[in-house]
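J.: Here it is: the structure, laid out below.
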Amino acid sequence: MQTLVHRDALTRFGCALSDPTRAAILLSLRSRPGYPSDLAEEVGVSRQITSNHLACLRGCGLVVGIPEGRRTRYELADERIGRALDDLVDLVLTVDPSYCPADEDCC
């Protein structure tokens with residue numbers, strides 16, 4: 001049975017994945033924890049932009065920050081998020097990309 005909680009959780013997850021930078025951060029964190037500076041370099045954006053996206057992902061409950069002295073290590077809030085991302089990547093790779101081109105308003 002679908003509930004408002006289910007809908008809201010999927011909406012938050014979808015919102016997080018709708019931004020290419022947030023999606024790249026989540027995909028990176030599915031394999032290992034990361035630090036903002038390393039994630040910024042890997043994703044190809046500034047540290048400030050990375051920090052803003054990490055704050056959004058924390059707010060959605062998808063990542064957690066673990067203080068380590070003067071640094072904070074980020075990881076997925078639950079290992080099931082990583083498995084869900086793996087499943088989504090596998091599913092997306094089976095879908096013909098011509099169905100919904102990125103330059104159209106459908107996605």
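Letters A, B, ... go to the chains of the structure tokens in the order shown; residues in each chain start at 1; ligands are counted from 1 in the same order.
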Do a neighbour search on A:Ser51 at 12 Å with only C-alpha atoms, toss out local chain neighbours closer than 5 positions, and write the hits as a list in words.
T.: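 Here the answer would be Thr21, Arg22, Ile25, Tyr35, Pro36, Ser37, Asp38, Leu39, Ala40, Val45, Ser46, Cys56, Leu57, Arg58, Gly65, Thr72, Arg73 and Tyr74 of chain A.
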J.: If you count only C-alpha atoms, which residues fall within 10 Å of A:Thr11, apart from same-chain ones fewer than 6 positions away, as a VMD selection string?
T.: chain A and resid 5 17 60
J.: If DSSP is run on the backbone, what residues of stretch 2-58 of chain A are helix (DSSP H, G or I)? A reply as JSON, numbers by chain would be ideal.
T.: {"A": [4, 5, 6, 7, 8, 9, 10, 11, 12, 13, 14, 15, 16, 17, 18, 20, 21, 22, 23, 24, 25, 26, 27, 28, 29, 36, 37, 38, 39, 40, 41, 42, 43, 47, 48, 49, 50, 51, 52, 53, 54, 55, 56, 57, 58]}
J.: Please report the interatomic distance between atom CA of A:Ala23 and atom CA of A:Gln48 in Å with one decimal.
T.: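 If I compute the distance from atom CA of A:Ala23 to atom CA of A:Gln48, I get 16.6 Å.
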J.: Contacts of A:Ala24 at 12 Å or less, counting only C-alpha atoms, minus same-chain residues fewer than 2 places along, as number ranges by chain?
T.: A: 16-22, 26-31, 39-45, 50, 53-54, 57, 85, 89
J.: Run DSSP on the backbone and tell me which residues of stretch 16-89 of chain A come out as strand (DSSP E); list them as number ranges by chain.
T.: A: 63-68, 71-76
J.: Choose the residue, out of A:His6, A:Ile81, A:Val64, A:Asp90, that has the smallest atom-to-atom separation from A:Gly34; count only C-alpha atoms.
T.: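 Closest candidate: A:Val64.
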J.: Between A:Ile49, A:Val95, A:Ala77, A:Leu62, which has the minimum distance to A:Leu10 (counting only C-alpha atoms)?
T.: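 Between A:Ile49, A:Val95, A:Ala77, A:Leu62, the residue approaching A:Leu10 most closely is A:Leu62.
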